[in-house]
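What follows is the content of work-v8.cif (mmCIF, C-alpha atoms).
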```cif
data_start
loop_
_atom_site.label_atom_id
_atom_site.label_comp_id
_atom_site.auth_asym_id
_atom_site.auth_seq_id
_atom_site.Cartn_x
_atom_site.Cartn_y
_atom_site.Cartn_z
CA MET A 1 82.07 156.18 19.55
CA THR A 2 85.34 154.28 19.25
CA HIS A 3 87.97 155.06 21.86
CA LEU A 4 91.57 154.43 20.92
CA THR A 5 93.67 153.26 23.85
CA ARG A 6 96.26 155.41 25.55
CA ARG A 7 98.90 152.79 24.78
CA GLY A 8 98.88 154.05 21.22
CA VAL A 9 100.10 157.44 22.41
CA LEU A 10 102.76 155.84 24.60
CA GLY A 11 104.17 154.12 21.58
CA THR A 12 104.98 157.47 19.98
CA GLY A 13 107.58 158.38 22.53
CA ILE A 14 105.93 159.15 25.88
CA SER A 15 107.34 156.81 28.54
CA GLY A 16 106.84 156.08 32.22
CA THR A 17 103.94 156.10 34.65
CA ALA A 18 103.40 159.86 34.39
CA ALA A 19 102.88 159.55 30.64
CA LEU A 20 100.43 156.70 31.11
CA LEU A 21 98.33 158.92 33.34
CA ALA A 22 98.68 162.03 31.16
CA ALA A 23 98.38 160.74 27.60
CA PRO A 24 94.93 161.47 26.15
CA ALA A 25 92.82 159.02 24.22
CA LEU A 26 91.72 159.80 20.69
CA ILE A 27 87.99 159.83 20.17
CA ARG A 28 86.36 159.18 16.83
CA PRO A 29 83.01 158.14 15.42
CA ALA A 30 82.62 154.86 13.58
CA PHE A 31 82.83 155.58 9.85
CA ALA A 32 83.21 153.35 6.84
CA ALA A 33 86.63 152.78 5.30
CA ASP A 34 86.01 155.25 2.47
CA THR A 35 86.46 158.32 4.65
CA VAL A 36 89.15 160.95 4.99
CA LYS A 37 90.38 161.65 8.51
CA LEU A 38 91.02 165.04 10.09
CA GLY A 39 92.63 165.37 13.52
CA CYS A 40 91.94 167.91 16.29
CA LEU A 41 94.56 169.05 18.81
CA PHE A 42 92.42 171.06 21.23
CA SER A 43 92.36 170.63 25.01
CA SER A 44 89.20 169.92 26.95
CA SER A 45 90.96 169.97 30.33
CA GLY A 46 93.55 172.19 32.00
CA THR A 47 93.91 175.96 31.89
CA MET A 48 92.88 176.22 28.21
CA ALA A 49 89.82 173.95 28.44
CA ASN A 50 87.08 176.61 28.49
CA LEU A 51 88.43 178.05 25.26
CA GLU A 52 90.00 175.22 23.27
CA GLY A 53 87.28 172.72 24.14
CA ARG A 54 84.80 174.61 21.97
CA LEU A 55 86.98 174.21 18.90
CA ASN A 56 86.67 170.40 18.82
CA HIS A 57 82.93 170.83 18.41
CA VAL A 58 83.05 173.54 15.77
CA VAL A 59 85.43 171.44 13.64
CA ARG A 60 82.89 168.63 13.82
CA MET A 61 80.10 171.08 12.95
CA ALA A 62 81.99 172.25 9.85
CA ALA A 63 82.76 168.69 8.81
CA ASP A 64 79.13 167.62 9.28
CA ALA A 65 77.98 170.46 7.01
CA ILE A 66 80.49 169.46 4.32
CA ASN A 67 79.47 165.81 4.65
CA GLY A 68 75.86 166.87 4.22
CA ARG A 69 76.83 168.37 0.87
CA GLY A 70 78.45 165.14 -0.27
CA GLY A 71 81.84 165.33 1.40
CA VAL A 72 85.15 165.96 -0.35
CA ASN A 73 86.37 164.09 -3.43
CA GLY A 74 83.68 161.48 -2.91
CA ARG A 75 84.58 160.81 0.72
CA GLN A 76 82.98 161.69 4.02
CA ILE A 77 85.08 163.47 6.63
CA GLU A 78 85.86 161.62 9.88
CA VAL A 79 87.01 163.90 12.70
CA LEU A 80 89.30 162.53 15.42
CA THR A 81 89.49 164.51 18.64
CA SER A 82 91.78 164.27 21.63
CA ASP A 83 92.57 166.04 24.90
CA PRO A 84 96.20 167.22 25.20
CA ALA A 85 95.15 168.59 28.62
CA SER A 86 96.86 171.98 28.15
CA ASP A 87 100.17 170.08 28.42
CA TRP A 88 102.31 171.43 25.59
CA PRO A 89 104.49 168.33 24.84
CA LEU A 90 101.36 166.18 24.58
CA TYR A 91 100.17 168.19 21.57
CA ALA A 92 103.23 166.95 19.70
CA GLN A 93 102.80 163.36 20.86
CA VAL A 94 99.15 163.20 19.84
CA GLY A 95 99.87 164.99 16.57
CA ARG A 96 102.54 162.42 15.73
CA GLN A 97 100.13 159.57 16.45
CA MET A 98 97.44 161.13 14.29
CA LEU A 99 99.81 161.61 11.36
CA GLN A 100 101.74 158.34 11.56
CA GLN A 101 99.15 155.87 12.83
CA GLU A 102 95.80 157.39 11.95
CA LYS A 103 97.01 158.89 8.64
CA VAL A 104 94.98 162.08 9.04
CA ALA A 105 94.94 164.35 6.01
CA ALA A 106 95.35 167.47 8.15
CA LEU A 107 95.53 168.61 11.75
CA PHE A 108 93.49 171.45 13.24
CA GLY A 109 94.74 172.66 16.54
CA CYS A 110 96.66 174.51 19.20
CA TRP A 111 95.84 177.78 20.92
CA THR A 112 99.04 178.94 22.57
CA SER A 113 102.14 179.50 20.49
CA VAL A 114 104.08 177.13 22.74
CA SER A 115 101.72 174.30 21.79
CA ARG A 116 102.07 175.23 18.10
CA LYS A 117 105.86 175.33 18.45
CA SER A 118 105.65 171.85 20.01
CA VAL A 119 103.73 170.48 17.02
CA LEU A 120 105.75 172.33 14.37
CA PRO A 121 108.66 169.84 14.08
CA VAL A 122 106.16 166.96 14.00
CA VAL A 123 104.29 168.28 10.96
CA GLU A 124 107.54 169.27 9.25
CA GLN A 125 109.16 165.87 9.79
CA ASN A 126 106.03 164.05 8.60
CA ASP A 127 105.09 166.56 5.87
CA GLY A 128 101.73 167.08 7.50
CA LEU A 129 99.49 170.15 7.56
CA LEU A 130 98.51 172.02 10.72
CA PHE A 131 95.75 174.61 10.44
CA TYR A 132 96.37 177.08 13.29
CA PRO A 133 93.31 179.23 14.13
CA LEU A 134 94.78 181.84 16.49
CA HIS A 135 96.21 185.27 15.89
CA PHE A 136 99.77 185.18 17.13
CA GLU A 137 103.22 186.77 17.20
CA GLY A 138 104.15 186.00 13.57
CA ASP A 139 107.87 185.63 12.85
CA GLU A 140 107.26 182.12 11.51
CA ASN A 141 106.57 180.79 8.03
CA SER A 142 106.42 177.02 7.61
CA LYS A 143 105.07 175.29 4.53
CA ASN A 144 103.46 172.79 6.92
CA VAL A 145 101.36 175.32 8.88
CA VAL A 146 98.40 177.32 7.59
CA TYR A 147 98.24 180.51 9.65
CA VAL A 148 94.52 181.15 9.48
CA ASN A 149 94.39 184.15 11.80
CA SER A 150 96.30 187.46 11.86
CA PRO A 151 99.93 188.34 12.61
CA PRO A 152 100.60 191.50 14.69
CA ALA A 153 100.86 193.92 11.77
CA SER A 154 97.24 193.12 10.86
CA SER A 155 95.73 193.06 14.36
CA VAL A 156 97.81 194.23 17.31
CA LEU A 157 99.34 197.32 15.71
CA PRO A 158 96.01 198.72 14.43
CA ALA A 159 94.56 198.30 17.94
CA VAL A 160 97.54 199.99 19.62
CA ASP A 161 97.43 202.77 17.03
CA TYR A 162 93.75 203.26 17.78
CA LEU A 163 94.41 203.66 21.50
CA MET A 164 97.32 206.02 20.85
CA GLY A 165 95.33 208.16 18.43
CA PRO A 166 92.69 210.88 18.84
CA ASP A 167 89.81 208.40 18.42
CA GLY A 168 91.20 206.37 21.31
CA VAL A 169 92.56 207.70 24.58
CA GLY A 170 95.81 209.26 23.40
CA ALA A 171 97.82 206.53 25.15
CA LYS A 172 101.36 207.57 26.07
CA ARG A 173 102.42 204.87 28.53
CA PHE A 174 102.04 201.10 28.48
CA PHE A 175 101.97 198.43 31.19
CA MET A 176 102.44 195.01 29.55
CA ILE A 177 101.25 191.95 31.52
CA GLY A 178 101.59 188.53 29.92
CA SER A 179 101.79 184.83 30.52
CA ASP A 180 105.40 183.74 30.50
CA TYR A 181 105.95 182.18 27.08
CA VAL A 182 106.82 182.98 23.49
CA TRP A 183 103.69 184.81 22.30
CA PRO A 184 103.50 187.54 24.98
CA ARG A 185 107.27 188.03 25.06
CA THR A 186 107.54 188.29 21.27
CA ILE A 187 104.50 190.57 20.95
CA ASN A 188 105.89 192.85 23.65
CA LYS A 189 109.32 192.89 22.02
CA GLN A 190 107.69 193.98 18.76
CA LEU A 191 105.61 196.61 20.54
CA LYS A 192 108.69 198.06 22.23
CA GLY A 193 110.38 198.29 18.84
CA TYR A 194 107.30 199.94 17.40
CA TRP A 195 107.09 202.48 20.22
CA THR A 196 110.80 203.22 19.87
CA SER A 197 110.22 203.94 16.16
CA LYS A 198 107.57 206.46 17.26
CA GLY A 199 110.03 208.21 19.58
CA ILE A 200 108.45 206.89 22.78
CA PRO A 201 111.10 206.47 25.50
CA GLU A 202 111.74 203.20 27.34
CA SER A 203 110.62 204.87 30.56
CA ALA A 204 107.08 204.91 29.13
CA TRP A 205 106.59 201.17 29.40
CA ARG A 206 106.85 198.34 31.88
CA GLU A 207 106.44 194.59 31.43
CA GLU A 208 105.60 191.76 33.83
CA TYR A 209 105.04 188.03 33.25
CA VAL A 210 103.13 185.40 35.22
CA PRO A 211 102.98 181.57 34.99
CA PHE A 212 100.23 179.75 33.08
CA GLY A 213 97.10 179.46 35.19
CA PHE A 214 98.13 182.38 37.44
CA SER A 215 95.14 183.78 39.33
CA ASN A 216 96.20 186.15 42.13
CA PHE A 217 96.57 189.52 40.40
CA GLN A 218 96.10 191.77 43.42
CA THR A 219 99.75 192.88 43.60
CA LEU A 220 100.06 193.39 39.84
CA VAL A 221 96.88 195.46 39.65
CA ASN A 222 98.20 197.59 42.52
CA GLN A 223 101.34 198.11 40.44
CA VAL A 224 99.20 199.16 37.46
CA ARG A 225 97.44 201.67 39.67
CA SER A 226 100.78 203.10 40.83
CA PHE A 227 102.15 203.21 37.27
CA ALA A 228 99.03 205.00 36.01
CA SER A 229 99.28 207.65 38.73
CA GLN A 230 102.73 208.75 37.59
CA PRO A 231 103.22 211.71 35.22
CA GLY A 232 103.80 211.28 31.51
CA GLY A 233 100.37 210.89 30.02
CA GLN A 234 97.58 208.34 29.72
CA ALA A 235 98.51 204.76 30.67
CA ILE A 236 96.95 201.59 29.26
CA VAL A 237 97.39 197.89 30.00
CA VAL A 238 98.42 195.59 27.13
CA LEU A 239 97.24 192.23 28.42
CA THR A 240 98.66 189.02 26.97
CA VAL A 241 97.81 186.54 29.70
CA VAL A 242 95.91 183.52 28.38
CA GLY A 243 93.33 180.98 29.44
CA SER A 244 91.83 181.17 32.92
CA SER A 245 94.15 184.05 33.85
CA ILE A 246 92.11 186.47 31.72
CA PRO A 247 88.85 186.48 33.75
CA ASP A 248 90.91 186.39 36.96
CA PHE A 249 92.75 189.56 35.91
CA LEU A 250 89.55 191.30 34.81
CA ARG A 251 87.84 190.38 38.07
CA GLU A 252 90.67 191.86 40.16
CA PHE A 253 90.78 195.00 38.00
CA ALA A 254 87.07 195.54 38.62
CA ASN A 255 87.38 194.69 42.32
CA GLN A 256 89.94 197.46 42.74
CA GLY A 257 87.58 199.94 41.13
CA ILE A 258 89.73 200.76 38.08
CA SER A 259 87.51 201.52 35.12
CA ALA A 260 88.25 201.75 31.40
CA THR A 261 88.06 205.53 31.65
CA ASP A 262 90.89 205.38 34.19
CA VAL A 263 93.18 202.77 32.60
CA PRO A 264 91.90 200.94 29.51
CA ILE A 265 92.87 197.30 29.03
CA LEU A 266 93.72 196.04 25.55
CA GLY A 267 93.26 192.28 25.97
CA LEU A 268 94.99 190.72 22.99
CA ASP A 269 93.74 187.20 23.78
CA MET A 270 90.45 188.25 25.38
CA VAL A 271 87.29 186.80 23.79
CA GLU A 272 83.59 186.70 24.57
CA ALA A 273 83.94 183.42 26.48
CA ASP A 274 86.31 185.07 28.97
CA LEU A 275 83.44 187.35 30.06
CA GLU A 276 81.07 184.53 31.00
CA GLY A 277 80.22 184.77 34.68
CA LEU A 278 81.70 188.26 35.11
CA ASP A 279 79.89 191.46 36.04
CA THR A 280 80.84 193.32 32.88
CA GLY A 281 79.07 196.46 34.07
CA LYS A 282 82.36 197.24 35.81
CA LEU A 283 84.40 196.34 32.71
CA VAL A 284 82.63 198.38 30.04
CA GLY A 285 85.04 200.02 27.61
CA HIS A 286 87.99 197.64 27.85
CA LEU A 287 89.14 196.48 24.42
CA ASN A 288 90.20 193.48 22.38
CA CYS A 289 91.20 192.94 18.74
CA TRP A 290 90.41 189.92 16.58
CA ALA A 291 89.50 188.92 13.04
CA TYR A 292 85.96 188.16 14.21
CA LEU A 293 83.59 189.45 16.87
CA GLN A 294 80.24 187.90 17.70
CA ALA A 295 78.64 191.31 17.14
CA ALA A 296 79.76 191.41 13.47
CA LYS A 297 76.97 192.53 11.19
CA GLY A 298 75.59 190.60 8.25
CA GLU A 299 73.58 187.57 7.21
CA ARG A 300 76.59 185.25 7.17
CA ASN A 301 77.25 185.84 10.83
CA GLN A 302 73.59 185.50 11.76
CA LYS A 303 73.50 182.14 9.98
CA PHE A 304 76.65 180.96 11.74
CA LEU A 305 75.30 181.96 15.16
CA ALA A 306 72.04 180.13 14.42
CA ASP A 307 73.90 177.05 13.13
CA TRP A 308 76.06 176.92 16.27
CA ALA A 309 73.05 177.29 18.58
CA ALA A 310 71.26 174.48 16.75
CA TYR A 311 74.36 172.28 16.83
CA VAL A 312 74.82 172.79 20.57
CA LYS A 313 71.23 171.71 21.16
CA ALA A 314 71.29 168.76 18.76
CA LYS A 315 74.62 167.35 19.93
CA ASN A 316 74.33 168.26 23.62
CA VAL A 317 77.55 170.30 23.39
CA PRO A 318 78.74 171.35 26.88
CA PHE A 319 79.29 175.00 25.95
CA SER A 320 77.03 178.01 25.61
CA ALA A 321 74.81 178.12 22.55
CA ASP A 322 74.88 181.91 22.81
CA THR A 323 78.65 182.48 22.79
CA VAL A 324 80.87 182.38 19.71
CA ILE A 325 84.54 183.42 19.71
CA ASP A 326 87.00 184.24 16.96
CA PRO A 327 89.03 180.99 17.14
CA MET A 328 85.81 179.00 16.72
CA VAL A 329 85.12 180.86 13.48
CA SER A 330 88.77 180.50 12.44
CA ALA A 331 88.59 176.73 13.08
CA TYR A 332 85.41 176.60 11.00
CA ASP A 333 87.17 178.59 8.27
CA SER A 334 90.12 176.18 8.47
CA VAL A 335 88.04 173.10 7.70
CA ASN A 336 86.39 174.87 4.78
CA LEU A 337 89.71 176.12 3.39
CA TRP A 338 91.16 172.61 3.61
CA ALA A 339 88.07 171.15 1.88
CA LEU A 340 88.26 173.75 -0.91
CA ALA A 341 91.95 173.06 -1.45
CA ALA A 342 91.50 169.28 -1.44
CA ALA A 343 88.63 169.55 -3.92
CA LYS A 344 90.63 171.88 -6.14
CA ALA A 345 93.58 169.49 -6.03
CA GLY A 346 91.42 166.40 -6.50
CA SER A 347 93.62 164.83 -3.85
CA PHE A 348 94.19 164.58 -0.10
CA ALA A 349 97.97 164.36 -0.51
CA VAL A 350 99.58 167.26 1.37
CA PRO A 351 101.86 168.43 -1.48
CA GLU A 352 98.90 168.63 -3.85
CA VAL A 353 96.62 170.31 -1.32
CA ARG A 354 99.35 172.84 -0.58
CA LYS A 355 99.71 173.70 -4.27
CA ALA A 356 95.99 174.41 -4.39
CA PHE A 357 96.10 177.14 -1.73
CA ALA A 358 97.00 179.88 -4.22
CA GLY A 359 93.87 181.78 -5.20
CA LEU A 360 91.56 180.22 -2.64
CA SER A 361 88.84 182.41 -1.16
CA PHE A 362 86.10 181.82 1.39
CA ASP A 363 83.27 184.06 2.59
CA ASP A 364 83.44 183.63 6.35
CA PRO A 365 80.99 184.73 9.08
CA SER A 366 82.92 187.92 9.83
CA GLY A 367 81.59 189.47 6.63
CA TYR A 368 85.02 189.53 4.99
CA THR A 369 86.26 187.30 2.19
CA LEU A 370 89.33 185.33 3.23
CA THR A 371 92.00 184.83 0.59
CA MET A 372 95.23 182.90 0.18
CA THR A 373 98.12 183.44 -2.22
CA GLY A 374 101.03 181.31 -3.39
CA GLU A 375 103.52 183.44 -1.43
CA ASN A 376 103.02 181.75 1.93
CA ASN A 377 100.42 179.93 4.02
CA TYR A 378 99.03 183.06 5.67
CA VAL A 379 95.39 184.05 5.20
CA SER A 380 94.17 187.59 4.58
CA ARG A 381 91.59 188.49 7.25
CA GLY A 382 89.65 191.55 8.26
CA VAL A 383 90.26 193.06 11.70
CA PHE A 384 87.88 194.22 14.46
CA ILE A 385 88.49 196.22 17.63
CA GLY A 386 85.85 195.44 20.23
CA SER A 387 84.71 197.22 23.38
CA VAL A 388 83.30 195.33 26.38
CA ASN A 389 79.59 195.96 26.94
CA GLU A 390 77.27 195.23 29.87
CA LYS A 391 75.92 192.07 28.22
CA ARG A 392 79.17 190.06 28.49
CA GLY A 393 80.07 190.77 24.90
CA PHE A 394 81.95 193.24 22.72
CA ASP A 395 80.57 196.06 20.64
CA VAL A 396 82.34 196.69 17.34
CA LEU A 397 84.33 199.87 17.90
CA TRP A 398 86.31 199.77 14.66
CA GLN A 399 86.90 197.43 11.77
CA SER A 400 89.24 197.43 8.80
CA PRO A 401 87.80 198.53 5.47
CA ASP A 402 89.14 195.38 3.83
CA ALA A 403 91.18 192.28 4.57
CA PRO A 404 94.79 193.49 4.73
CA LYS A 405 97.58 191.40 3.28
CA PRO A 406 99.30 189.61 6.17
CA VAL A 407 102.90 190.52 7.03
CA PRO A 408 104.49 187.39 8.56
CA PHE A 409 107.66 188.96 9.94
CA SER A 410 107.68 192.09 12.06
CA PRO A 411 110.15 194.89 11.30
CA TYR A 412 110.01 195.96 14.96
CA GLY A 413 111.53 193.06 16.86
#
```

Structure rendered as structure tokens:
Amino acid sequence: MTHLTRRGVLGTGISGTAALLAAPALIRPAFAADTVKLGCLFSSSGTMANLEGRLNHVVRMAADAINGRGGVNGRQIEVLTSDPASDWPLYAQVGRQMLQQEKVAALFGCWTSVSRKSVLPVVEQNDGLLFYPLHFEGDENSKNVVYVNSPPASSVLPAVDYLMGPDGVGAKRFFMIGSDYVWPRTINKQLKGYWTSKGIPESAWREEYVPFGFSNFQTLVNQVRSFASQPGGQAIVVLTVVGSSIPDFLREFANQGISATDVPILGLDMVEADLEGLDTGKLVGHLNCWAYLQAAKGERNQKFLADWAAYVKAKNVPFSADTVIDPMVSAYDSVNLWALAAAKAGSFAVPEVRKAFAGLSFDDPSGYTLTMTGENNYVSRGVFIGSVNEKRGFDVLWQSPDAPKPVPFSPYG
């Protein structure tokens, strides 16, 4: 391993002693000069570490598989990783270093929308490419970002519709709890517009926000209990907290004895990894929605799960060999989409790779075929609604019959 010094990050604009302590080193393997570099912007420390840290490894796994097939355009892929430490401005600083100094062909990174928004001007100013593997609030369309996961019209709204409908719980009232940043606030704004279009009065919802890393949910869960006891129909929680706050909220919900039959939770950022270490017997029936669930049927998913388990063992990866989450699959998809585009273009130059996106398709582990068009950099994905089971996973409760065309901008907010 070659470790690049932190001084390289300081030279991109971070100054002072605090920056010296905070700026992450880039980590890369020693490759020959005839490689093409890809850069990762995923944190392995801070509130997002348990989730984002996995994505560094799955990008390497995807690159290793492509290298084993001969690489791309005659070159092997070299993956550079870093640790922005869940510190949003650092994503931009490291991204700038990777683009300007390391000359990476593409960036793969960010979980929260605030980290993506931090990197956005960097890739636009440097005409770089950022592959973003999370479903998110939409309302953005940059030629320098590939939005690999689903905007709300393809994921959140089908899940809310399910809970409001006869196959769900006939939800009439909604308690929104989110981390205090752009994604939860924008999602909730869109949901309020959507509910208004359905004739649901403002009195039927409530919203609360907490800081990143917030853990003491006792008061808020008491407020949910009070809200649910009021007249007006079935209440649900729309949960948009992120990172370590998710298991903390679930734990408090279970501790207060509120079950999914009482007040279902729709956890929009909740993945299988958030259930590790929890007694999910008390959480059975709470829901999430993603473009991939580990329980997806089919040979492609079984192969991916086996490949990840083997990779964890072979590389001594510090994460569970038995847990796979949607953004891991989306990061894997991202590397493959980039490789397909670069091969189609016969070039690693961003303008040429971007031109090659139109008509791309990739059979991903979810069982769906991902597609891209020339209209924008959004990817058509299938959608799953999952239900927490006793084995710290999600059963597939519903899935879309096909991969719906993504709608970047919401008409509801």

Expected selection from the PyMOL selection byres ((chain A and resi 122) around 12), given as a ChimeraX atom specification: /A:12,89-100,107,115-121,123-130,142,144-145

Once the PyMOL selection byres ((chain A and resi 368) around 12) has been evaluated on this model, what residues remain selected, and can you format them as a PyMOL selection string? chain A and resi 291-293+296-301+333+361-367+369-371+379-384+399-404

Between A:Val114, A:Ala314, A:Ala85, A:Val36, which is the closest to Gly53 in chain A once you count all atoms listed in the file?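 Checking each candidate against Gly53 in chain A, we get A:Ala85 as the closest.
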
Might you pull out every residue within 12 Å of Ala65 in chain A, with only C-alpha atoms counted and same-chain residues fewer than 2 positions away left off, and present them as a list in words?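 My reading of the contact set: Val58, Val59, Arg60, Met61, Ala62, Ala63, Asn67, Gly68, Arg69, Gly70, Gly71, Val72, Gln76, Ile77, Phe304, Asp307, Trp308, Tyr311, Tyr332, Val335, Asn336 and Ala339 of chain A.
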
Taking the file above as input, evaluate the PyMOL selection byres ((chain A and resi 246) around 9) and report the hits as an MDAnalysis selection string. chainID A and resid 215 239:245 247:251 267 269:270 274:275

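Nearest-residue note for Glu272 in chain A: choosing from A:Gln256, A:Gln101, A:Ser387, A:Thr47, the minimum distance belongs to A:Ser387, counting only C-alpha atoms.
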
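Taking CA of Ala260 in chain A and CA of Leu283 in chain A as the two end points, the separation is 6.8 Å.
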
To one decimal in Å, tell me the separation between CA of Pro152 in chain A and CA of Leu134 in chain A.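 Computed distance, CA of Pro152 in chain A to CA of Leu134 in chain A, equals 11.4 Å.
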
Of the residues A:Gly168, A:Pro408, A:Pro231, A:Pro327, which is the one nearest to Ser203 in chain A, using only C-alpha atoms? A:Pro231

Once you count only C-alpha atoms, what closest atom pair and distance in Å to one decimal does each residue of range 86-166 of chain A within 12 Å of range 190-193 of chain A have, with rows by chain and rising residue number, as a tab-separated table?
```
residue	atom	partner	partner_atom	distance
A:Phe136	CA	A:Gln190	CA	12.0
A:Glu137	CA	A:Gln190	CA	8.6
A:Gly138	CA	A:Gln190	CA	10.2
A:Asp139	CA	A:Gln190	CA	10.2
A:Pro151	CA	A:Gln190	CA	11.4
A:Pro152	CA	A:Gln190	CA	8.5
A:Ala153	CA	A:Gln190	CA	9.8
A:Val156	CA	A:Leu191	CA	8.8
A:Leu157	CA	A:Leu191	CA	7.9
A:Pro158	CA	A:Leu191	CA	11.6
A:Ala159	CA	A:Leu191	CA	11.5
A:Val160	CA	A:Leu191	CA	8.8
A:Asp161	CA	A:Leu191	CA	10.8
```

Counting only C-alpha atoms, closest pick from A:Ile258, A:His57, A:Ile385, A:Arg354 relative to Asn316 in chain A is A:His57
